[in-house]
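Structure data (mmCIF, C-alpha atoms and all ligand atoms) from model-v7.cif:
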data_my_file
#
loop_
_atom_site.label_atom_id
_atom_site.label_comp_id
_atom_site.auth_asym_id
_atom_site.auth_seq_id
_atom_site.Cartn_x
_atom_site.Cartn_y
_atom_site.Cartn_z
CA MET A 1 -14.98 20.22 11.13
CA LEU A 2 -14.37 17.73 8.34
CA PRO A 3 -16.53 14.58 8.16
CA PRO A 4 -15.11 11.09 7.50
CA LEU A 5 -14.06 10.97 3.85
CA ILE A 6 -14.73 8.22 1.32
CA PHE A 7 -12.79 8.64 -1.93
CA GLN A 8 -13.27 7.28 -5.42
CA PRO A 9 -10.71 4.61 -6.26
CA VAL A 10 -8.19 5.52 -8.97
CA TYR A 11 -7.55 2.44 -11.12
CA ARG A 12 -4.31 1.70 -12.92
CA ARG A 13 -4.35 -0.85 -15.73
CA TYR A 14 -1.15 -2.76 -16.53
CA LEU A 15 -0.35 -6.04 -18.28
CA TRP A 16 0.11 -7.79 -14.93
CA GLY A 17 -3.34 -6.87 -13.54
CA GLY A 18 -6.54 -8.87 -13.33
CA ARG A 19 -10.19 -8.84 -12.20
CA ARG A 20 -9.88 -9.50 -8.48
CA PHE A 21 -10.89 -5.97 -7.46
CA ALA A 22 -14.31 -7.17 -8.69
CA SER A 23 -14.21 -10.82 -7.60
CA ALA A 24 -12.45 -10.39 -4.24
CA LEU A 25 -13.10 -6.75 -3.26
CA GLY A 26 -16.65 -6.39 -4.58
CA ARG A 27 -15.82 -3.52 -6.94
CA ASP A 28 -17.99 -2.59 -9.86
CA LEU A 29 -15.18 -2.71 -12.49
CA PRO A 30 -15.59 -1.75 -16.13
CA VAL A 31 -14.65 -4.41 -18.72
CA GLY A 32 -10.98 -5.37 -19.01
CA ASP A 33 -8.81 -8.02 -17.39
CA ASP A 34 -5.82 -5.82 -16.55
CA TYR A 35 -6.89 -3.87 -13.44
CA ALA A 36 -3.55 -3.85 -11.63
CA GLU A 37 -3.75 -1.14 -8.95
CA SER A 38 -6.55 0.59 -7.09
CA TRP A 39 -5.28 3.74 -5.42
CA GLU A 40 -7.43 4.51 -2.40
CA LEU A 41 -5.52 7.41 -0.88
CA VAL A 42 -3.25 9.57 -3.03
CA ASP A 43 -2.14 13.20 -3.20
CA HIS A 44 0.81 13.12 -5.60
CA GLY A 45 0.83 15.79 -8.33
CA ILE A 46 -1.98 15.15 -10.80
CA ASP A 47 -2.80 11.84 -9.13
CA GLN A 48 -5.50 12.75 -6.63
CA SER A 49 -8.10 10.99 -4.53
CA VAL A 50 -11.46 12.73 -4.97
CA VAL A 51 -14.26 12.62 -2.39
CA ALA A 52 -17.00 10.27 -3.63
CA THR A 53 -19.96 11.07 -1.37
CA GLY A 54 -21.35 13.66 1.04
CA PRO A 55 -21.08 17.49 1.10
CA LEU A 56 -17.45 17.52 -0.10
CA THR A 57 -18.09 15.33 -3.18
CA GLY A 58 -15.65 16.23 -5.94
CA THR A 59 -13.02 17.78 -3.65
CA SER A 60 -9.49 16.44 -4.06
CA LEU A 61 -7.36 15.19 -1.18
CA GLY A 62 -4.71 17.72 -2.23
CA ASP A 63 -7.15 20.63 -1.84
CA LEU A 64 -8.09 19.41 1.63
CA VAL A 65 -4.43 19.04 2.63
CA ARG A 66 -3.59 22.55 1.46
CA GLN A 67 -6.77 24.42 2.40
CA ARG A 68 -8.04 22.64 5.50
CA ASP A 69 -4.79 21.27 6.83
CA GLU A 70 -5.41 21.56 10.56
CA GLU A 71 -8.88 20.07 10.34
CA LEU A 72 -7.59 17.18 8.26
CA LEU A 73 -4.15 16.54 9.75
CA GLY A 74 -4.33 17.98 13.27
CA ARG A 75 -0.93 17.73 14.94
CA HIS A 76 0.64 16.64 11.62
CA ALA A 77 -0.28 19.90 9.83
CA PRO A 78 0.97 21.54 7.72
CA GLN A 79 2.11 19.23 4.91
CA LYS A 80 2.90 20.08 1.29
CA ALA A 81 1.04 16.91 0.27
CA PHE A 82 -0.46 13.94 2.04
CA PRO A 83 2.71 11.96 2.76
CA LEU A 84 1.27 8.45 2.33
CA LEU A 85 -0.28 6.51 -0.51
CA PHE A 86 -2.49 3.46 0.00
CA LYS A 87 -3.38 1.03 -2.78
CA PHE A 88 -4.52 -2.49 -3.55
CA LEU A 89 -2.56 -4.51 -6.13
CA ASP A 90 -3.84 -7.48 -8.10
CA ALA A 91 -0.84 -9.34 -9.51
CA SER A 92 -1.83 -11.97 -12.05
CA ARG A 93 1.81 -12.06 -13.19
CA ASP A 94 5.12 -11.44 -11.42
CA LEU A 95 5.95 -7.76 -11.01
CA SER A 96 9.44 -6.62 -11.94
CA VAL A 97 12.25 -6.86 -9.39
CA GLN A 98 12.80 -3.34 -8.13
CA VAL A 99 14.19 -1.09 -5.46
CA HIS A 100 13.28 2.42 -4.29
CA PRO A 101 15.66 5.11 -3.05
CA ASP A 102 15.50 6.61 0.42
CA ASP A 103 14.57 10.26 1.08
CA ALA A 104 18.15 11.57 0.81
CA ARG A 105 18.78 9.87 -2.53
CA ALA A 106 15.33 10.72 -3.98
CA SER A 107 15.81 14.40 -3.11
CA ARG A 108 18.91 14.56 -5.34
CA ILE A 109 17.39 13.24 -8.60
CA ALA A 110 16.28 15.38 -11.57
CA VAL A 111 12.65 15.59 -10.41
CA PRO A 112 13.05 15.42 -6.63
CA ASP A 113 10.55 13.21 -4.82
CA ARG A 114 10.22 11.43 -1.51
CA GLY A 115 11.95 8.14 -0.96
CA LYS A 116 9.74 5.09 -0.80
CA THR A 117 9.45 2.85 2.21
CA GLU A 118 6.50 0.51 1.82
CA ALA A 119 4.68 -2.33 3.55
CA TRP A 120 2.43 -5.02 2.09
CA TYR A 121 -0.45 -6.94 3.61
CA ILE A 122 -1.37 -10.15 1.83
CA VAL A 123 -5.14 -10.11 1.26
CA ASP A 124 -5.25 -13.26 -0.85
CA ALA A 125 -2.63 -15.68 -2.17
CA ALA A 126 -3.03 -18.29 -4.90
CA PRO A 127 -1.31 -21.61 -4.11
CA GLY A 128 2.43 -21.32 -4.68
CA ALA A 129 2.43 -17.52 -5.08
CA ARG A 130 5.70 -15.99 -3.92
CA ILE A 131 7.00 -12.79 -2.38
CA TYR A 132 10.55 -11.65 -3.14
CA ALA A 133 11.85 -9.56 -0.26
CA GLY A 134 15.48 -8.74 0.33
CA LEU A 135 18.50 -10.80 -0.65
CA ALA A 136 19.69 -14.25 0.31
CA ASN A 137 22.13 -14.33 3.22
CA GLY A 138 25.63 -13.30 2.17
CA VAL A 139 24.61 -11.56 -1.07
CA ASP A 140 26.26 -8.15 -1.24
CA ARG A 141 26.05 -5.43 -3.90
CA SER A 142 28.69 -6.97 -6.15
CA ALA A 143 27.07 -10.43 -5.96
CA LEU A 144 23.74 -8.84 -6.83
CA ALA A 145 25.34 -7.00 -9.77
CA ALA A 146 26.95 -10.22 -11.04
CA ALA A 147 23.64 -12.12 -10.79
CA LEU A 148 21.82 -9.37 -12.69
CA ARG A 149 24.45 -9.40 -15.46
CA ALA A 150 24.17 -13.19 -15.71
CA GLY A 151 20.34 -13.12 -15.75
CA ARG A 152 20.27 -15.20 -12.55
CA CYS A 153 18.53 -12.70 -10.32
CA ASP A 154 16.20 -15.35 -8.87
CA GLU A 155 19.20 -17.12 -7.32
CA VAL A 156 20.13 -14.17 -5.11
CA LEU A 157 16.66 -12.97 -4.06
CA HIS A 158 15.14 -14.10 -0.80
CA SER A 159 11.65 -15.46 -1.41
CA PHE A 160 8.85 -17.26 0.41
CA ALA A 161 5.22 -18.30 -0.10
CA PRO A 162 3.13 -15.89 2.00
CA ARG A 163 -0.22 -16.61 3.63
CA PRO A 164 -3.17 -14.21 3.73
CA GLY A 165 -2.66 -11.94 6.71
CA ASP A 166 1.12 -11.79 6.34
CA CYS A 167 2.72 -8.34 6.39
CA VAL A 168 6.02 -7.63 4.65
CA PHE A 169 7.93 -4.46 5.51
CA ILE A 170 10.11 -3.12 2.69
CA PRO A 171 12.25 -0.17 3.84
CA ALA A 172 13.69 2.00 1.05
CA GLY A 173 16.81 0.35 -0.34
CA THR A 174 15.40 -3.22 -0.15
CA VAL A 175 15.17 -5.26 -3.38
CA HIS A 176 11.66 -6.65 -3.82
CA ALA A 177 8.98 -8.05 -6.11
CA ILE A 178 5.36 -9.11 -5.72
CA GLY A 179 4.76 -12.50 -7.33
CA ALA A 180 1.93 -13.73 -9.53
CA GLY A 181 -1.25 -14.74 -7.71
CA LEU A 182 -1.14 -12.21 -4.88
CA LEU A 183 -3.76 -9.65 -3.92
CA VAL A 184 -1.97 -7.10 -1.78
CA ALA A 185 -2.81 -3.98 0.23
CA GLU A 186 0.13 -1.58 0.23
CA ILE A 187 0.98 1.44 2.33
CA GLN A 188 3.90 3.51 1.11
CA GLN A 189 5.45 6.91 1.21
CA SER A 190 3.80 8.98 -1.53
CA SER A 191 6.57 8.73 -4.12
CA ASP A 192 6.99 7.68 -7.71
CA VAL A 193 10.65 6.68 -7.89
CA THR A 194 11.27 3.06 -8.86
CA TYR A 195 14.43 1.45 -10.22
CA ARG A 196 13.68 -1.74 -12.13
CA LEU A 197 16.52 -4.23 -11.75
CA HIS A 198 15.14 -7.26 -13.55
CA ASP A 199 12.00 -8.03 -15.55
CA TRP A 200 12.11 -11.85 -15.71
CA GLY A 201 13.15 -11.68 -19.38
CA ARG A 202 9.79 -10.34 -20.52
CA VAL A 203 8.77 -7.78 -23.13
CA GLY A 204 6.39 -4.83 -22.75
CA PRO A 205 3.20 -4.09 -24.70
CA ASP A 206 5.33 -2.89 -27.65
CA GLY A 207 7.16 -6.24 -27.86
CA ARG A 208 10.42 -4.81 -26.50
CA PRO A 209 12.02 -5.38 -23.10
CA ARG A 210 11.02 -2.68 -20.60
CA GLN A 211 13.73 -0.29 -19.56
CA LEU A 212 15.90 -1.36 -16.63
CA HIS A 213 17.70 0.99 -14.22
CA VAL A 214 20.44 -1.32 -13.01
CA GLU A 215 23.12 1.26 -12.10
CA ASP A 216 20.73 3.52 -10.17
CA GLY A 217 19.10 0.49 -8.62
CA LEU A 218 22.37 -1.02 -7.42
CA GLU A 219 23.37 2.31 -5.89
CA ALA A 220 19.99 2.64 -4.19
CA THR A 221 20.25 -0.89 -2.73
CA THR A 222 21.38 -0.26 0.82
CA ARG A 223 19.74 -3.16 2.66
CA PHE A 224 21.03 -6.67 2.42
CA GLY A 225 19.84 -9.96 3.83
CA PRO A 226 16.37 -11.52 3.85
CA VAL A 227 13.08 -9.90 4.91
CA GLU A 228 10.65 -12.17 6.76
CA PRO A 229 6.91 -11.60 7.16
CA VAL A 230 5.14 -10.50 10.33
CA ARG A 231 1.88 -12.24 11.16
CA ARG A 232 -0.75 -12.32 13.86
CA PRO A 233 -0.49 -15.26 16.27
CA GLN A 234 -3.19 -17.76 15.26
CA GLY A 235 -6.56 -17.49 16.96
CA THR A 236 -5.96 -14.03 18.44
CA GLU A 237 -8.19 -10.97 18.31
CA GLY A 238 -7.65 -7.27 18.84
CA THR A 239 -5.19 -4.85 17.27
CA ILE A 240 -1.68 -5.91 16.33
CA ARG A 241 1.01 -3.53 15.11
CA LEU A 242 2.40 -4.77 11.81
CA VAL A 243 4.85 -1.92 11.22
CA ARG A 244 5.98 1.19 12.98
CA CYS A 245 8.56 3.22 11.08
CA ASP A 246 9.50 6.87 10.59
CA TYR A 247 6.68 7.29 8.02
CA PHE A 248 3.65 5.31 9.17
CA VAL A 249 2.12 2.95 11.65
CA PHE A 250 0.29 -0.01 10.13
CA ASP A 251 -2.05 -2.19 12.19
CA GLU A 252 -4.32 -5.17 11.62
CA ILE A 253 -7.59 -5.04 13.55
CA VAL A 254 -9.77 -8.05 14.36
CA PRO A 255 -12.48 -6.83 16.73
CA GLU A 256 -14.05 -9.28 19.13
CA ALA A 257 -17.54 -10.38 18.09
CA GLY A 258 -20.17 -7.72 18.77
CA GLN A 259 -17.55 -5.15 19.75
CA VAL A 260 -17.70 -1.50 18.76
CA TRP A 261 -14.27 -0.48 17.46
CA THR A 262 -13.18 3.12 18.04
CA CYS A 263 -10.48 5.00 16.17
CA GLY A 264 -9.06 8.52 16.37
CA GLY A 265 -9.37 11.22 18.98
CA ASP A 266 -5.61 11.84 19.16
CA ASP A 267 -5.56 14.99 16.96
CA GLY A 268 -4.26 13.02 13.95
CA SER A 269 -5.87 11.59 10.82
CA HIS A 270 -6.52 7.86 10.47
CA PHE A 271 -7.09 5.69 7.42
CA LEU A 272 -9.01 2.43 7.48
CA ALA A 273 -9.24 -0.25 4.77
CA ILE A 274 -11.75 -3.03 5.32
CA ILE A 275 -10.60 -6.56 4.51
CA ASP A 276 -13.61 -8.47 5.85
CA GLY A 277 -16.98 -7.82 7.48
CA ARG A 278 -19.29 -4.83 7.49
CA TRP A 279 -18.12 -1.71 9.31
CA THR A 280 -20.64 1.08 9.95
CA LEU A 281 -19.92 4.61 11.16
CA ASP A 282 -22.31 6.74 13.23
CA PRO A 283 -25.49 7.30 11.15
CA ARG A 284 -25.11 11.10 11.56
CA TRP A 285 -22.50 11.00 8.77
CA GLY A 286 -24.96 9.49 6.30
CA LEU A 287 -22.28 7.21 4.89
CA PRO A 288 -22.93 3.70 3.59
CA PRO A 289 -21.52 0.74 5.58
CA LEU A 290 -18.02 -0.22 4.47
CA GLY A 291 -17.54 -3.77 3.21
CA GLN A 292 -14.57 -5.67 1.81
CA GLY A 293 -12.22 -3.23 0.06
CA GLY A 294 -14.04 -0.19 1.49
CA CYS A 295 -11.80 2.63 2.72
CA VAL A 296 -12.31 5.79 4.79
CA LEU A 297 -10.08 8.65 5.93
CA LEU A 298 -10.96 10.00 9.36
CA PRO A 299 -9.89 13.65 9.66
CA ALA A 300 -8.30 14.76 12.92
CA SER A 301 -11.12 17.23 13.60
CA ALA A 302 -13.83 14.55 13.41
CA GLY A 303 -12.62 13.22 16.76
CA PRO A 304 -12.98 9.59 17.84
CA GLN A 305 -15.18 7.48 15.57
CA ALA A 306 -16.95 4.32 16.64
CA PHE A 307 -17.53 1.58 14.08
CA THR A 308 -20.25 -1.00 14.57
CA VAL A 309 -18.71 -4.17 13.19
CA ALA A 310 -20.56 -7.24 11.92
CA ALA A 311 -19.43 -10.43 10.23
CA THR A 312 -20.83 -11.01 6.76
CA GLY A 313 -19.83 -14.68 6.44
CA PRO A 314 -17.99 -17.41 8.29
CA THR A 315 -14.78 -15.36 8.59
CA GLN A 316 -14.04 -12.71 11.23
CA PRO A 317 -14.22 -9.00 10.41
CA ARG A 318 -10.76 -7.58 9.72
CA ALA A 319 -9.40 -4.18 8.77
CA LEU A 320 -6.12 -2.39 8.21
CA HIS A 321 -5.39 0.86 10.03
CA VAL A 322 -2.84 3.45 8.96
CA ALA A 323 -1.74 6.58 10.79
CA LEU A 324 1.15 9.01 10.72
CA PRO A 325 3.58 8.31 13.58
ZN ZN A 401 7.98 -1.22 -4.60
#

As structure tokens, what does this structure read like?
Amino acid sequence: MLPPLIFQPVYRRYLWGGRRFASALGRDLPVGDDYAESWELVDHGIDQSVVATGPLTGTSLGDLVRQRDEELLGRHAPQKAFPLLFKFLDASRDLSVQVHPDDARASRIAVPDRGKTEAWYIVDAAPGARIYAGLANGVDRSALAAALRAGRCDEVLHSFAPRPGDCVFIPAGTVHAIGAGLLVAEIQQSSDVTYRLHDWGRVGPDGRPRQLHVEDGLEATTRFGPVEPVRRPQGTEGTIRLVRCDYFVFDEIVPEAGQVWTCGGDDGSHFLAIIDGRWTLDPRWGLPPLGQGGCVLLPASAGPQAFTVAATGPTQPRALHVALP
């Protein structure tokens, strides 16, 4: 039987990153003000989550998927690789406007990959920060192409100012961008195919504009119209389903005060990312309590796991839950 697994975060540093993994997620970050992504669950080629504590310390997620598949994945075994990737993003600048292909299209490119359907959960939002999700009503592929050629992409994108707790579902084929000022948790298919449509007229670290992939991106754009956020009705507690799609289920959990919250026991693996509060597993696992930004993968074979949940401040404990459908 596999125990609950805590992995080391894999940091990605880009120009648009910041320091909020330290200031908002309590991470012990090295120096640098460009920490853009923190990958918490990844098994994609050389990019691997590695167990951080306990008897399996140093083991990669990929090795567990391929060598202990039934214990890890239960009814979802076998898999060539863990099909999902979970990360936090700290956007101190606007990210490029992009689109990802679906599975069929991604399987036909030079280095075949999965498609990428993704969903975002807004952890924190600076005043005025915007999400770009989908296209304004009536904008079709040719109108998008014309706007890109004219450098007026912002006029055809659908955008809104999200609140913390909002979830935005971005199926493959949807044009999207994360705006400056957002701290986001993202669940996605484990894929690395991105077509950049527009970069807000900026230049890269070498002083030149970053490469765009307008033709591929236009072809991969298959969803039109605006995307609106999903959010929990105010003042409610319990589990709400943010997204259910072919690739993942994504839930927000707000346990009632003093409640023990139980997860698993359905012969599948479950991933939990803590947004607020202190969440403690059974002491037999010898794992530290999980606080803000803490993540754990519960293998299928570990069976149901009860978390003792406590508030650590004036706000209610909150976590994100991911499972395979
Ligand atoms: Zn994306």

Chain A residues near ligand ZN 401 (chain A) within 9 Å, closest pair each, using all atoms listed in the file, as CSV:
residue,atom,partner,partner_atom,distance
A:Val97,CA,A:ZN401,ZN,8.5
A:Gln98,CA,A:ZN401,ZN,6.3
A:Val99,CA,A:ZN401,ZN,6.3
A:His100,CA,A:ZN401,ZN,6.4
A:Lys116,CA,A:ZN401,ZN,7.6
A:Thr117,CA,A:ZN401,ZN,8.1
A:Glu118,CA,A:ZN401,ZN,6.8
A:Ala119,CA,A:ZN401,ZN,8.9
A:Ile170,CA,A:ZN401,ZN,7.8
A:Ala172,CA,A:ZN401,ZN,8.7
A:Thr174,CA,A:ZN401,ZN,8.9
A:Val175,CA,A:ZN401,ZN,8.3
A:His176,CA,A:ZN401,ZN,6.6
A:Ala177,CA,A:ZN401,ZN,7.1
A:Ile178,CA,A:ZN401,ZN,8.4
A:Gln188,CA,A:ZN401,ZN,8.5
A:Val193,CA,A:ZN401,ZN,9.0
A:Thr194,CA,A:ZN401,ZN,6.9
A:Tyr195,CA,A:ZN401,ZN,9.0

| request: Excluding Gly286 of chain A and any residue of its chain fewer than 6 positions from it, enumerate the residues within 12 Å of it, using only C-alpha atoms, and give them as a PyMOL selection string. | output: chain A and resi 3-6+53-55+280

Just the selected residues (C-alpha atoms), exported as a PDB file, keeping the file's coordinate frame, please.
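Here's the written file selection_9.pdb:
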ATOM      1  CA  PRO A   3     -16.530  14.580   8.160  1.00  0.00           C
ATOM      2  CA  PRO A   4     -15.110  11.090   7.500  1.00  0.00           C
ATOM      3  CA  LEU A   5     -14.060  10.970   3.850  1.00  0.00           C
ATOM      4  CA  ILE A   6     -14.730   8.220   1.320  1.00  0.00           C
ATOM      5  CA  THR A  53     -19.960  11.070  -1.370  1.00  0.00           C
ATOM      6  CA  GLY A  54     -21.350  13.660   1.040  1.00  0.00           C
ATOM      7  CA  PRO A  55     -21.080  17.490   1.100  1.00  0.00           C
ATOM      8  CA  THR A 280     -20.640   1.080   9.950  1.00  0.00           C
TER       9      THR A 280
END

| task | For atom CA of Val260 of chain A and atom CA of Val309 of chain A, quote the distance in Å rounded to one decimal. | result |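 If I compute the distance from atom CA of Val260 of chain A to atom CA of Val309 of chain A, I get 6.3 Å.
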
| Residue neighbourhood Pro205 of chain A, 12 Å, only C-alpha atoms, exclusion window fewer than 5 positions, as a PyMOL selection string | chain A and resi 14-16+210

| field | For Gly238 of chain A, the nearest of the candidates A:Ala110, A:Ala257, A:Val168, A:Ala136, counting only C-alpha atoms | value | A:Ala257

| message | At a cut-off of 6 Å, using only C-alpha atoms, what residues contact segment 33-38 of chain A? Leave out same-chain residues fewer than 5 positions from it and give the result as an MDAnalysis selection string. | response | chainID A and resid 9:15 17:19 87:90

| task | May I ask for the distance between atom CA of Arg105 of chain A and atom CA of Gly173 of chain A, given in Å to one decimal place? | result | 10.0 Å

| request: Find the distance between atom CA of Ile274 of chain A and atom CA of Gly74 of chain A and write it in Å to one decimal. | output: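 Pair atom CA of Ile274 of chain A / atom CA of Gly74 of chain A returns 23.7 Å.
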
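Excluding segment 298-308 of chain A itself and any same-chain residue fewer than 6 positions from it, the protein and nucleic acid residues within 8 Å of it, counting all atoms listed in the file, are Met1, Leu2, Pro3, Pro4, Leu5, Glu70, Glu71, Leu72, Leu73, Gly74, Gly258, Gln259, Val260, Trp261, Thr262, Cys263, Gly264, Gly265, Asp266, Asp267, Gly268, Ser269, His270, Phe271, Trp279, Thr280, Leu281 and Asp282 of chain A.
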
Can you tell me, as a PDB file with C-alpha atoms, in the coordinates of the input, what residues are no more than 10 Å from Gly291 of chain A when counting all atoms listed in the file, ignoring any on the same chain fewer than 5 positions away?
ATOM      1  CA  LEU A  25     -13.100  -6.750  -3.260  1.00  0.00           C
ATOM      2  CA  GLY A  26     -16.650  -6.390  -4.580  1.00  0.00           C
ATOM      3  CA  ALA A 273      -9.240  -0.250   4.770  1.00  0.00           C
ATOM      4  CA  ILE A 274     -11.750  -3.030   5.320  1.00  0.00           C
ATOM      5  CA  ILE A 275     -10.600  -6.560   4.510  1.00  0.00           C
ATOM      6  CA  ASP A 276     -13.610  -8.470   5.850  1.00  0.00           C
ATOM      7  CA  GLY A 277     -16.980  -7.820   7.480  1.00  0.00           C
ATOM      8  CA  ARG A 278     -19.290  -4.830   7.490  1.00  0.00           C
ATOM      9  CA  TRP A 279     -18.120  -1.710   9.310  1.00  0.00           C
ATOM     10  CA  THR A 280     -20.640   1.080   9.950  1.00  0.00           C
ATOM     11  CA  ALA A 310     -20.560  -7.240  11.920  1.00  0.00           C
ATOM     12  CA  ALA A 311     -19.430 -10.430  10.230  1.00  0.00           C
ATOM     13  CA  THR A 312     -20.830 -11.010   6.760  1.00  0.00           C
ATOM     14  CA  PRO A 317     -14.220  -9.000  10.410  1.00  0.00           C
ATOM     15  CA  ALA A 319      -9.400  -4.180   8.770  1.00  0.00           C
TER      16      ALA A 319
END

From the block I gave, I'd like segment 15-38 of chain A written with C-alpha atoms, as a PDB file, in the first residue's frame.
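Done, and the output landed in result_31.pdb:
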ATOM      1  CA  LEU A  15       9.683  37.412 -16.577  1.00  0.00           C
ATOM      2  CA  TRP A  16       6.026  37.597 -15.551  1.00  0.00           C
ATOM      3  CA  GLY A  17       6.493  35.894 -12.149  1.00  0.00           C
ATOM      4  CA  GLY A  18       6.796  37.348  -8.676  1.00  0.00           C
ATOM      5  CA  ARG A  19       7.240  36.539  -4.965  1.00  0.00           C
ATOM      6  CA  ARG A  20       3.721  35.560  -3.940  1.00  0.00           C
ATOM      7  CA  PHE A  21       4.544  31.865  -3.503  1.00  0.00           C
ATOM      8  CA  ALA A  22       6.447  33.197  -0.462  1.00  0.00           C
ATOM      9  CA  SER A  23       4.138  36.018   0.634  1.00  0.00           C
ATOM     10  CA  ALA A  24       0.780  34.341  -0.038  1.00  0.00           C
ATOM     11  CA  LEU A  25       1.538  30.597   0.026  1.00  0.00           C
ATOM     12  CA  GLY A  26       4.143  30.544   2.801  1.00  0.00           C
ATOM     13  CA  ARG A  27       6.880  29.036   0.633  1.00  0.00           C
ATOM     14  CA  ASP A  28      10.531  29.277   1.498  1.00  0.00           C
ATOM     15  CA  LEU A  29      11.645  30.731  -1.878  1.00  0.00           C
ATOM     16  CA  PRO A  30      15.240  31.403  -2.866  1.00  0.00           C
ATOM     17  CA  VAL A  31      16.100  34.975  -3.928  1.00  0.00           C
ATOM     18  CA  GLY A  32      14.599  36.260  -7.168  1.00  0.00           C
ATOM     19  CA  ASP A  33      11.416  38.134  -8.051  1.00  0.00           C
ATOM     20  CA  ASP A  34      10.382  36.038 -11.047  1.00  0.00           C
ATOM     21  CA  TYR A  35       8.868  32.867  -9.550  1.00  0.00           C
ATOM     22  CA  ALA A  36       6.074  32.339 -12.060  1.00  0.00           C
ATOM     23  CA  GLU A  37       4.867  28.740 -11.666  1.00  0.00           C
ATOM     24  CA  SER A  38       5.001  26.161  -8.912  1.00  0.00           C
TER      25      SER A  38
END
